[in-house]
Amino acid sequence: MKLDATMQRLWYQGWPIWLLALLLPLSLFFTVCVRLRRGLYRVGLLRSIRVGRPVIVVGNITVGGTGKTPFVIWLAGLLQQRGLRVGIVLRGYGGTSKHWPRAVLPQSDHREVGDEAVLLATRTGTIVVVAPDRVAAAKHAIELGAAVILADDGLQHYRLARDCEIAVVDERRAFGNGQLLPAGPLREPISRLRSVNLIVRTRRAATNTLTLPSVVAPQIAVAAQLGTVVALAGGEARSIESFRSAPVHAVAGIGNPEAFFAALEYAGLQVKRHPLPDHAVIGGQDIDFADGLPVLMTQKDAVKCRELAAEPRYAGASKRCWVVGLDLDVNAADTAAVATLVEGVLGSSQPKQ
């Protein structure tokens, strides 16, 4: 976690300067590789593969959390409302399965398929398939009946041809220091946003509005909101406001733990922060605090804590754990804009490269 915290300070707070100077040559090399790879796909020397169904890619150009997963859940719901059987494909980061692709169910073992995949299967009820090769994952999802493919975090996976690209940007953190990895958080240059079909700006508590030129791409803004809080063991539901009377522990092993903590504080909670690396394995020691205070966690982290609730030695700790829901508030105009984009994609057969 120490290294991760150091890199976060470098990317978003501008220090330590000496480390930035050391990493800039590596970033220059990374930039050349990124541009070369994309260029090879654009001219056809590397081939993108069509899978026979419309493909919508949702991703970002930075590492870390931007609100991409909540938007994928929302978009899957929008597509389902139109009577479409949706297939979500993703890498299955951290999964240890010995065979790919893998279909994912809510009861699947997160250690084999990854925590985000189990969360998506639980929240959407769609076909979810994981594989390092997104093309193989998409083909398997189609075999299972998918009429449209949502590629989660596939913006840089050019081997899978796509009909539409949606980039998600966190308004609060934006692009950090504007440098590419490892000196900055960017996976691709900011100019990459000129070629996407839509930019989704995610807003959280007390954020400043990010200004992007309208010529970059069409843009919408969505607000991430904390929802119902549900007990990890037993399923009791409470409002977020009911936790204001005393301090709470907050555990987050996501791309941007500070966003979760800030949202809890904005809701009026007194938060004891426990950040963990993204996709971190959560053990009993991470939720068992001697003071007996409630422990709040994200839905993604809760996927990794289900087994703890069944362990006798952590029975008491797990009963103090609560899972905080997260939903998107998308206004009618922006919902209509996304629906229009989707309708165009479903009627288009031209791949985007």
# chains A, B, ... in the order shown; residues from 1 in each chain; ligands from 1

$ select_by_dssp --residues "region 152-285 of chain A" --states "alpha helix (DSSP H)" --output "NGL selection string"
:A and (257-266)

$ write_last_selection --atoms "N, CA, C and O atoms" --output "compact mmCIF listing (two decimals), in the first residue's frame"
# COMPACT_ATOMS: atom_id res chain seq x y z
N PRO A 257 -9.92 4.67 -3.30
CA PRO A 257 -10.57 4.56 -1.99
C PRO A 257 -11.01 5.91 -1.42
O PRO A 257 -12.02 6.00 -0.73
N GLU A 258 -10.24 6.98 -1.72
CA GLU A 258 -10.57 8.28 -1.15
C GLU A 258 -11.94 8.77 -1.60
O GLU A 258 -12.60 9.52 -0.88
N ALA A 259 -12.37 8.37 -2.79
CA ALA A 259 -13.70 8.78 -3.25
C ALA A 259 -14.79 8.19 -2.36
O ALA A 259 -15.78 8.86 -2.04
N PHE A 260 -14.61 6.95 -1.95
CA PHE A 260 -15.57 6.30 -1.06
C PHE A 260 -15.58 6.98 0.30
O PHE A 260 -16.64 7.29 0.85
N PHE A 261 -14.40 7.24 0.84
CA PHE A 261 -14.32 7.89 2.14
C PHE A 261 -14.94 9.28 2.10
O PHE A 261 -15.67 9.67 3.01
N ALA A 262 -14.62 10.03 1.04
CA ALA A 262 -15.15 11.39 0.93
C ALA A 262 -16.67 11.39 0.82
O ALA A 262 -17.35 12.27 1.38
N ALA A 263 -17.21 10.42 0.10
CA ALA A 263 -18.67 10.34 -0.05
C ALA A 263 -19.33 10.04 1.30
O ALA A 263 -20.39 10.59 1.61
N LEU A 264 -18.71 9.18 2.09
CA LEU A 264 -19.26 8.89 3.42
C LEU A 264 -19.22 10.13 4.31
O LEU A 264 -20.18 10.43 5.03
N GLU A 265 -18.12 10.86 4.24
CA GLU A 265 -18.01 12.07 5.05
C GLU A 265 -19.01 13.13 4.58
O GLU A 265 -19.59 13.85 5.40
N TYR A 266 -19.21 13.23 3.28
CA TYR A 266 -20.18 14.18 2.75
C TYR A 266 -21.59 13.83 3.23
O TYR A 266 -22.44 14.72 3.39

$ residues_around --residues "Val323 (chain A)" --least-positions-apart "5" --cutoff "9 Å" --atoms "only C-alpha atoms" --output "VMD selection string"
chain A and resid 228 to 232 295 to 299 301 to 302

$ atom_distance --atom1 "CA of Gln270 (chain A)" --atom2 "CA of Gln225 (chain A)"
17.8 Å

$ residues_around --residues "Pro54 (chain A)" --least-positions-apart "4" --cutoff "7 Å" --atoms "only C-alpha atoms" --output "ChimeraX atom specification"
/A:148-149,163,345-346

$ closest_atom_pairs --of "region 242-338 of chain A" --to "region 212-223 of chain A" --cutoff "8 Å" --atoms "only C-alpha atoms" --output "Markdown table"
| residue | atom | partner | partner_atom | distance |
| --- | --- | --- | --- | --- |
| A:Leu328 | CA | A:Ala223 | CA | 5.5 |
| A:Asp329 | CA | A:Ala223 | CA | 5.1 |
| A:Val330 | CA | A:Val222 | CA | 5.1 |
| A:Asn331 | CA | A:Val222 | CA | 7.7 |
| A:Asp334 | CA | A:Ile220 | CA | 5.9 |

$ write_last_selection --atoms "C-alpha atoms" --output "JSON list (two decimals), in the first residue's frame"
[["chain", "number", "residue", "atom", "x", "y", "z"],
["A", 328, "LEU", "CA", -25.82, 6.62, -10.63],
["A", 329, "ASP", "CA", -28.17, 9.55, -11.01],
["A", 330, "VAL", "CA", -28.51, 10.29, -14.74],
["A", 331, "ASN", "CA", -30.92, 13.03, -15.75],
["A", 334, "ASP", "CA", -28.46, 12.56, -20.68]]

$ select_by_dssp --residues "region 98-337 of chain A" --states "strand (DSSP E or B)" --output "NGL selection string"
:A and (102-104 or 127-130 or 148-152 or 160 or 162 or 164-170 or 180 or 186 or 198-203 or 219-231 or 237-238 or 248-252 or 271-275 or 295-298 or 321-329)

$ residues_around --residues "Leu186 (chain A)" --least-positions-apart "2" --cutoff "10 Å" --atoms "only C-alpha atoms" --output "list of chain:residue names"
A:Trp11, A:Ser27, A:Thr31, A:Asn60, A:Ile61, A:Thr62, A:Val63, A:Gly64, A:Phe175, A:Gly176, A:Asn177, A:Gly178, A:Gln179, A:Leu180, A:Leu181, A:Pro182, A:Ala183, A:Gly184, A:Glu188, A:Pro189, A:Ile190

$ residues_around --residues "region 85-102 of chain A" --least-positions-apart "3" --cutoff "9 Å" --atoms "only C-alpha atoms" --output "MDAnalysis selection string"
chainID A and resid 72 76:77 79:80 110:117 120:121 126:138 140:142 144:154 279

$ write_last_selection --atoms "N, CA and C atoms" --output "compact mmCIF listing (two decimals), in the first residue's frame"
# COMPACT_ATOMS: atom_id res chain seq x y z
N VAL A 72 -21.23 0.94 -16.14
CA VAL A 72 -21.49 -0.30 -16.87
C VAL A 72 -22.78 -0.94 -16.36
N ALA A 76 -25.98 -1.42 -18.72
CA ALA A 76 -26.55 -2.75 -18.92
C ALA A 76 -28.05 -2.73 -18.65
N GLY A 77 -28.46 -2.01 -17.62
CA GLY A 77 -29.87 -1.89 -17.33
C GLY A 77 -30.63 -1.18 -18.43
N LEU A 79 -29.88 -1.14 -21.60
CA LEU A 79 -29.99 -2.07 -22.73
C LEU A 79 -31.03 -3.16 -22.45
N GLN A 80 -31.08 -3.62 -21.21
CA GLN A 80 -32.06 -4.64 -20.85
C GLN A 80 -33.49 -4.11 -20.95
N HIS A 110 -14.81 -15.50 -6.40
CA HIS A 110 -14.10 -14.30 -6.87
C HIS A 110 -12.61 -14.54 -7.03
N ARG A 111 -12.08 -15.53 -6.30
CA ARG A 111 -10.65 -15.82 -6.42
C ARG A 111 -10.31 -16.41 -7.78
N GLU A 112 -11.28 -17.03 -8.42
CA GLU A 112 -11.05 -17.63 -9.73
C GLU A 112 -11.37 -16.67 -10.88
N VAL A 113 -12.37 -15.80 -10.71
CA VAL A 113 -12.84 -14.98 -11.83
C VAL A 113 -12.68 -13.48 -11.62
N GLY A 114 -12.28 -13.06 -10.40
CA GLY A 114 -12.11 -11.65 -10.12
C GLY A 114 -13.32 -11.04 -9.43
N ASP A 115 -13.06 -10.07 -8.56
CA ASP A 115 -14.13 -9.48 -7.77
C ASP A 115 -15.12 -8.65 -8.59
N GLU A 116 -14.62 -7.90 -9.57
CA GLU A 116 -15.51 -7.06 -10.37
C GLU A 116 -16.50 -7.89 -11.18
N ALA A 117 -16.04 -9.04 -11.67
CA ALA A 117 -16.92 -9.90 -12.46
C ALA A 117 -18.08 -10.42 -11.62
N LEU A 120 -20.52 -7.57 -11.04
CA LEU A 120 -21.34 -7.29 -12.22
C LEU A 120 -22.42 -8.36 -12.41
N ALA A 121 -22.07 -9.62 -12.19
CA ALA A 121 -23.06 -10.68 -12.32
C ALA A 121 -24.16 -10.52 -11.28
N THR A 126 -26.99 -10.17 -15.96
CA THR A 126 -26.70 -10.39 -17.37
C THR A 126 -25.73 -11.56 -17.53
N ILE A 127 -25.43 -11.88 -18.79
CA ILE A 127 -24.34 -12.81 -19.09
C ILE A 127 -23.03 -12.09 -18.81
N VAL A 128 -22.19 -12.67 -17.98
CA VAL A 128 -20.88 -12.09 -17.68
C VAL A 128 -19.82 -13.15 -17.98
N VAL A 129 -18.85 -12.78 -18.78
CA VAL A 129 -17.78 -13.71 -19.16
C VAL A 129 -16.44 -13.03 -18.96
N VAL A 130 -15.50 -13.74 -18.37
CA VAL A 130 -14.16 -13.20 -18.16
C VAL A 130 -13.14 -14.02 -18.94
N ALA A 131 -12.12 -13.30 -19.42
CA ALA A 131 -10.97 -13.92 -20.08
C ALA A 131 -9.96 -12.83 -20.37
N PRO A 132 -8.65 -13.14 -20.25
CA PRO A 132 -7.65 -12.15 -20.65
C PRO A 132 -7.82 -11.73 -22.10
N ASP A 133 -8.29 -12.64 -22.95
CA ASP A 133 -8.57 -12.35 -24.36
C ASP A 133 -10.03 -11.93 -24.49
N ARG A 134 -10.28 -10.61 -24.67
CA ARG A 134 -11.67 -10.13 -24.73
C ARG A 134 -12.41 -10.69 -25.93
N VAL A 135 -11.71 -10.99 -27.02
CA VAL A 135 -12.37 -11.58 -28.19
C VAL A 135 -12.95 -12.94 -27.84
N ALA A 136 -12.16 -13.76 -27.17
CA ALA A 136 -12.65 -15.08 -26.74
C ALA A 136 -13.81 -14.93 -25.78
N ALA A 137 -13.72 -13.96 -24.88
CA ALA A 137 -14.80 -13.74 -23.92
C ALA A 137 -16.08 -13.32 -24.64
N ALA A 138 -15.96 -12.41 -25.62
CA ALA A 138 -17.13 -11.94 -26.36
C ALA A 138 -17.77 -13.08 -27.15
N HIS A 140 -17.71 -16.22 -26.45
CA HIS A 140 -18.38 -17.14 -25.53
C HIS A 140 -19.69 -16.53 -25.02
N ALA A 141 -19.70 -15.23 -24.78
CA ALA A 141 -20.94 -14.56 -24.35
C ALA A 141 -22.01 -14.67 -25.43
N ILE A 142 -21.60 -14.56 -26.69
CA ILE A 142 -22.55 -14.70 -27.80
C ILE A 142 -23.09 -16.13 -27.86
N LEU A 144 -23.61 -17.94 -25.43
CA LEU A 144 -24.56 -18.05 -24.32
C LEU A 144 -25.83 -17.24 -24.55
N GLY A 145 -25.87 -16.52 -25.69
CA GLY A 145 -27.10 -15.82 -26.04
C GLY A 145 -27.05 -14.32 -26.05
N ALA A 146 -25.89 -13.71 -25.87
CA ALA A 146 -25.79 -12.25 -25.84
C ALA A 146 -26.09 -11.65 -27.20
N ALA A 147 -26.93 -10.60 -27.21
CA ALA A 147 -27.26 -9.89 -28.44
C ALA A 147 -26.42 -8.64 -28.61
N VAL A 148 -25.84 -8.15 -27.52
CA VAL A 148 -24.96 -6.99 -27.56
C VAL A 148 -23.89 -7.19 -26.50
N ILE A 149 -22.67 -6.76 -26.81
CA ILE A 149 -21.54 -6.95 -25.92
C ILE A 149 -21.14 -5.62 -25.29
N LEU A 150 -21.00 -5.63 -23.96
CA LEU A 150 -20.42 -4.52 -23.23
C LEU A 150 -19.03 -4.95 -22.77
N ALA A 151 -18.01 -4.29 -23.27
CA ALA A 151 -16.64 -4.60 -22.87
C ALA A 151 -16.24 -3.65 -21.75
N ASP A 152 -16.11 -4.19 -20.56
CA ASP A 152 -15.76 -3.39 -19.39
C ASP A 152 -14.25 -3.22 -19.33
N ASP A 153 -13.81 -1.97 -19.32
CA ASP A 153 -12.38 -1.64 -19.26
C ASP A 153 -11.63 -2.18 -20.47
N GLY A 154 -12.23 -2.03 -21.65
CA GLY A 154 -11.60 -2.56 -22.86
C GLY A 154 -11.16 -1.49 -23.83
N HIS A 279 -8.42 -4.33 -5.78
CA HIS A 279 -8.53 -5.79 -5.87
C HIS A 279 -7.80 -6.50 -4.73

$ closest_residue --among "A:Leu78, A:Ala252, A:Gln156, A:Leu226" --to "Thr124 (chain A)" --atoms "only C-alpha atoms"
A:Leu78

$ atom_distance --atom1 "CA of Lys272 (chain A)" --atom2 "CA of Asp327 (chain A)"
23.0 Å

$ atom_distance --atom1 "CA of Glu311 (chain A)" --atom2 "CA of Gly292 (chain A)"
17.7 Å
